[in-house]
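Q: Quick one, input_15.cif (mmCIF, C-alpha atoms):
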data_model
loop_
_atom_site.label_atom_id
_atom_site.label_comp_id
_atom_site.auth_asym_id
_atom_site.auth_seq_id
_atom_site.Cartn_x
_atom_site.Cartn_y
_atom_site.Cartn_z
CA TYR L 1 2.76 15.27 18.33
CA ARG L 2 1.33 17.66 20.92
CA ILE L 3 -1.96 19.35 21.67
CA GLY L 4 -2.32 22.76 20.05
CA PRO L 5 -3.33 24.49 16.82
CA PRO L 6 -1.47 23.78 13.55
CA GLN L 7 2.04 25.17 13.83
CA LYS L 8 4.44 24.95 10.91
CA PRO L 9 7.73 23.49 12.19
CA ASP L 10 11.04 25.24 11.58
CA ILE L 11 12.76 23.56 8.64
CA GLU L 12 16.34 24.20 7.53
CA TRP L 13 16.96 23.94 3.80
CA ASP L 14 20.22 23.49 1.91
CA GLU L 15 21.07 26.33 -0.48
CA ASP L 16 23.98 25.46 -2.75
CA TYR L 17 23.76 28.52 -4.99
CA ILE L 18 23.90 32.00 -3.46
CA TYR L 19 21.49 34.40 -5.11
CA ASN L 20 23.08 37.18 -7.18
CA SER L 21 26.58 36.31 -5.99
CA GLU L 22 28.27 36.27 -9.41
CA ASP L 23 28.27 38.27 -12.63
CA GLY L 24 26.66 36.76 -15.70
CA GLY L 25 28.04 36.64 -19.21
CA PHE L 26 27.07 35.92 -22.80
CA GLY L 27 27.16 32.17 -22.18
CA ASP L 28 24.63 32.59 -19.41
CA TRP L 29 22.31 34.45 -21.77
CA ILE L 30 22.57 31.60 -24.30
CA SER L 31 21.84 29.07 -21.54
CA LYS L 32 18.85 31.10 -20.35
CA GLU L 33 17.35 31.22 -23.85
CA LYS L 34 17.85 27.45 -24.19
CA TRP L 35 16.08 26.66 -20.93
CA LEU L 36 13.21 29.07 -21.54
CA ALA L 37 12.73 27.53 -24.99
CA LYS L 38 12.60 24.09 -23.37
CA HIS L 39 9.96 25.40 -20.98
CA ASP L 40 7.86 26.87 -23.78
CA GLY L 41 8.12 23.68 -25.82
CA ALA L 42 7.11 21.53 -22.87
CA ARG L 43 4.06 23.74 -22.33
CA LEU L 44 2.87 22.70 -25.77
CA LEU L 45 3.87 19.05 -25.72
CA ARG L 46 4.00 17.83 -22.11
CA TRP L 47 0.60 18.38 -20.52
CA ASP L 48 1.58 15.79 -17.92
CA LEU L 49 4.20 18.19 -16.52
CA LYS L 50 1.87 21.10 -15.74
CA ASP L 51 2.71 21.32 -12.04
CA ALA L 52 6.44 21.03 -12.68
CA LEU L 53 6.29 23.70 -15.39
CA ASP L 54 4.30 26.03 -13.12
CA ALA L 55 6.97 25.63 -10.44
CA TYR L 56 9.76 26.24 -12.94
CA ALA L 57 8.01 29.35 -14.26
CA HIS L 58 7.73 30.64 -10.69
CA TYR L 59 11.49 30.11 -10.29
CA TRP L 60 12.00 32.32 -13.34
CA SER L 61 9.60 34.95 -12.00
CA ASN L 62 12.57 35.85 -9.79
CA THR L 63 10.41 37.00 -6.87
CA GLY L 64 11.22 34.30 -4.32
CA ASP L 65 7.58 34.46 -3.17
CA ASP L 66 6.07 31.40 -1.52
CA TRP L 67 4.20 29.14 -3.94
CA ALA L 68 1.36 26.67 -3.36
CA PHE L 69 1.28 23.23 -4.97
CA ASP L 70 -1.76 20.93 -5.11
CA TYR L 71 -0.92 18.21 -2.58
CA GLU L 72 -4.30 16.53 -3.05
CA LYS L 73 -3.57 16.20 -6.79
CA ALA L 74 -0.13 14.83 -5.97
CA TYR L 75 -1.84 12.21 -3.78
CA ARG L 76 -4.08 11.17 -6.67
CA ASP L 77 -1.37 11.22 -9.33
CA ASP L 78 1.69 9.76 -7.66
CA ALA L 79 2.01 6.44 -5.81
CA GLY L 80 5.13 7.59 -3.94
CA VAL L 81 3.48 10.74 -2.63
CA ARG L 82 0.34 8.78 -1.79
CA ALA L 83 2.31 6.22 0.26
CA SER L 84 4.12 9.01 2.09
CA ILE L 85 0.91 10.84 2.99
CA ASP L 86 -0.80 7.61 4.07
CA GLU L 87 2.16 6.79 6.32
CA GLU L 88 1.97 10.22 7.94
CA ILE L 89 -1.79 9.82 8.45
CA VAL L 90 -1.28 6.53 10.30
CA LEU L 91 1.28 8.12 12.64
CA ALA L 92 -1.01 11.10 13.26
CA GLN L 93 -3.98 8.83 13.97
CA GLN L 94 -1.98 6.85 16.50
CA ALA L 95 -0.84 10.06 18.21
CA ALA L 96 -4.39 11.44 18.26
CA ASP L 97 -5.63 8.21 19.81
CA GLU L 98 -3.03 8.45 22.57
CA LEU L 99 -4.04 12.05 23.28
CA ALA L 100 -7.73 11.06 23.33
CA SER L 101 -7.04 8.10 25.62
CA GLY L 102 -5.57 10.57 28.11
CA GLY L 103 -9.03 12.06 28.67
CA ASN L 104 -9.01 14.86 26.10
CA THR L 105 -12.41 15.13 24.43
CA SER L 106 -12.11 17.98 21.95
CA PHE L 107 -8.71 19.19 20.86
CA GLN L 108 -6.33 20.14 18.07
CA PHE L 109 -2.91 18.60 17.66
CA THR L 110 0.20 19.36 15.63
CA GLY L 111 3.43 17.53 14.86
CA ASN L 112 7.03 17.90 13.74
CA ALA L 113 8.35 17.76 10.19
CA THR L 114 10.08 14.71 8.76
CA ALA L 115 11.72 14.16 5.40
CA THR L 116 9.93 11.84 3.02
CA SER L 117 11.78 8.55 2.75
CA GLN L 118 13.61 7.38 -0.36
CA ALA L 119 11.13 4.51 -0.58
CA HIS L 120 8.31 7.03 -0.89
CA TYR L 121 10.05 9.44 -3.25
CA ALA L 122 7.79 10.88 -5.95
CA GLN L 123 7.53 8.39 -8.82
CA THR L 124 6.07 10.49 -11.63
CA GLU L 125 8.26 12.91 -13.55
CA ASN L 126 5.80 15.73 -12.87
CA TRP L 127 5.98 15.45 -9.09
CA GLN L 128 9.68 14.58 -9.03
CA LYS L 129 10.31 17.93 -10.67
CA THR L 130 7.70 19.79 -8.58
CA ILE L 131 8.45 18.63 -5.02
CA GLY L 132 10.76 15.60 -5.23
CA GLY L 133 11.95 14.58 -1.77
CA HIS L 134 10.20 17.02 0.53
CA GLN L 135 9.24 17.47 4.18
CA GLN L 136 5.82 16.76 5.66
CA TRP L 137 4.02 17.24 8.95
CA ALA L 138 0.50 16.68 10.22
CA SER L 139 -2.09 18.55 12.24
CA GLY L 140 -5.62 17.63 13.18
CA ASP L 141 -8.92 18.27 14.93
CA VAL L 142 -10.34 15.55 17.17
CA THR L 143 -13.71 15.17 18.89
CA VAL L 144 -14.39 12.26 21.24
CA LYS L 145 -17.96 11.20 22.02
CA ASP L 146 -19.25 7.90 23.43
CA GLY L 147 -15.87 6.26 23.00
CA ALA L 148 -15.50 7.21 19.34
CA ALA L 149 -12.87 9.63 18.11
CA THR L 150 -13.82 11.61 15.02
CA MET L 151 -10.92 13.44 13.47
CA VAL L 152 -9.72 15.38 10.49
CA VAL L 153 -6.02 14.87 9.86
CA THR L 154 -4.27 17.30 7.52
CA VAL L 155 -0.89 16.38 6.07
CA HIS L 156 1.17 19.41 5.10
CA GLY L 157 3.88 19.18 2.46
CA GLU L 158 6.82 21.61 2.55
CA ASP L 159 9.58 22.04 -0.01
CA ARG L 160 12.35 24.43 -1.02
CA TYR L 161 12.44 24.76 -4.79
CA ASN L 162 16.10 25.06 -5.64
CA PHE L 163 18.87 23.12 -7.34
CA ASN L 164 21.59 20.96 -5.81
CA ARG L 165 25.20 21.29 -6.83
CA GLY L 166 26.53 18.16 -8.49
CA GLN L 167 23.13 16.47 -8.86
CA SER L 168 21.08 15.80 -11.98
CA ASP L 169 17.45 15.54 -13.02
CA ILE L 170 16.21 11.95 -12.67
CA GLU L 171 14.48 11.69 -16.06
CA SER L 172 16.58 13.85 -18.37
CA GLY L 173 19.95 13.68 -16.66
CA ALA L 174 20.28 17.46 -17.02
CA PRO L 175 22.76 18.74 -14.39
CA ASP L 176 21.34 20.94 -11.63
CA ASP L 177 24.38 23.17 -12.07
CA GLU L 178 22.88 24.62 -15.25
CA ASN L 179 19.76 25.90 -13.51
CA GLY L 180 21.51 26.69 -10.24
CA ARG L 181 23.73 29.05 -12.19
CA PHE L 182 20.70 31.27 -12.87
CA THR L 183 20.36 31.78 -9.11
CA GLU L 184 24.02 32.80 -8.82
CA ILE L 185 23.68 35.50 -11.47
CA GLY L 186 20.37 36.80 -10.07
CA GLY L 187 18.17 35.68 -12.94
CA ALA L 188 15.95 33.18 -11.12
CA LYS L 189 15.18 32.87 -7.43
CA PRO L 190 14.55 29.80 -5.24
CA PHE L 191 11.37 29.78 -3.17
CA ASP L 192 9.49 27.88 -0.48
CA SER L 193 6.48 25.87 -1.59
CA ARG L 194 3.77 24.07 0.33
CA GLY L 195 0.48 22.22 0.03
CA SER L 196 -1.92 20.32 2.29
CA ASP L 197 -4.20 17.29 2.10
CA PRO L 198 -7.03 16.89 4.67
CA ARG L 199 -8.53 13.49 5.49
CA ALA L 200 -11.41 12.54 7.79
CA GLY L 201 -12.25 9.37 9.71
CA THR L 202 -13.68 7.83 12.87
CA CYS L 203 -12.38 5.09 15.16
CA SER L 204 -12.93 3.77 18.66
CA VAL L 205 -10.66 5.30 21.28
CA GLY L 206 -7.91 2.82 22.03
CA ALA L 207 -8.24 1.16 18.61
CA PRO L 208 -6.88 3.45 15.88
CA GLY L 209 -7.00 0.54 13.48
CA TYR L 210 -8.19 2.17 10.29
CA ALA L 211 -4.99 2.39 8.27
CA THR L 212 -5.92 5.35 6.11
CA ALA L 213 -8.64 7.95 6.54
CA SER L 214 -9.30 8.45 2.85
CA ALA L 215 -12.56 10.35 3.03
CA ARG L 216 -12.62 14.08 2.38
CA PRO L 217 -13.92 16.13 5.30
CA GLU L 218 -17.34 17.65 4.62
#
Could I get this file's structure written as structure tokens?
A:
Amino acid sequence: YRIGPPQKPDIEWDEDYIYNSEDGGFGDWISKEKWLAKHDGARLLRWDLKDALDAYAHYWSNTGDDWAFDYEKAYRDDAGVRASIDEEIVLAQQAADELASGGNTSFQFTGNATATSQAHYAQTENWQKTIGGHQQWASGDVTVKDGAATMVVTVHGEDRYNFNRGQSDIESGAPDDENGRFTEIGGAKPFDSRGSDPRAGTCSVGAPGYATASARPE
């Protein structure tokens, strides 16, 4: 972590399927209709997969535009995401305390990106399909007065929505190769996605003991 305004770190993503690199055929059209029918059916029957279905629909929009997910909702819904965000908050708080202990009284700070650990992988099917194992980083605003550091820590989630050759969906077992194929024939385009979750709290300088700053900033 370092003093400075929020700065999104450079993140390198794997891309197993090269967009529009192969010609499609009749079998691809059949596969497309099957997957779009699954999507439409899930819209009617699986309200719990709304975020995942929105992400999948954006994949099929074929624009490649950045897409925003609701990281605060992920925190509420998913114990794995919640543990990952809480862990990042603790690290950010400790870093902010060190910066404040150095005599800084009013400052912003920003950090590097790290991959979410396997132990904190998304646990719900909705968020497994929406962001799965993703990257996160933190930024914050700190004010120190009378020995107390008041801060707002924002955890940023970053992901690349694409499919991994040879892997399968956790819940259904459906091979990623089926959906990755749509990238190869130029029918659906991977995209970057991101969300953020701000948290506020106060502690004494030199004692960043509050484990999680769960309050929303006003």
Q: Which polymer residues have any atom within 12 Å of an atom of Arg2 of chain L, counting all atoms listed in the file, with same-chain residues fewer than 3 positions away left out, as a PyMOL selection string?
A: chain L and resi 5-7+92+95-100+104+107-112+138-141
Q: Could you list, as a PyMOL selection string, every residue matched by the PyMOL selection byres ((chain L and resi 65) around 10) in this structure?
A: chain L and resi 58-59+61-64+66-68+189-193
Q: Considering all atoms listed in the file, state which residue in the set L:Tyr71, L:Tyr121, L:Trp13, L:Phe182 is at the smallest distance from Gly157 of chain L.
A: L:Tyr71
Q: Could you check how far atom CA of Ala119 of chain L sits from atom CA of Gly80 of chain L, in Å to one decimal?
A: 7.5 Å
Q: Do you know which residues are at most 8 Å from Thr124 of chain L counting all atoms listed in the file, after dropping those on the same chain fewer than 3 positions away, and could you put them as a count of residues only?
A: 4
Q: Would you pick out the contacts of Lys50 of chain L at 12 Å or less, using only C-alpha atoms, so that residues sharing its chain but fewer than 3 positions from it are not included, and give the list as a PyMOL selection string?
A: chain L and resi 39-40+42-47+53-57+69-70+73-74+125-127+129-130
Q: So the first atom is atom CA of Thr143 of chain L and the second is atom CA of Arg76 of chain L; what is the distance between them in Å, to one decimal place?
A: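 Straight-line distance from atom CA of Thr143 of chain L to atom CA of Arg76 of chain L works out to 27.6 Å.
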Q: Using the chain letters and numbers from the file, which residues does the PyMOL selection byres ((chain L and resi 25) around 12) grab, as a PyMOL selection string?
A: chain L and resi 22-24+26-32+181-182+184-187
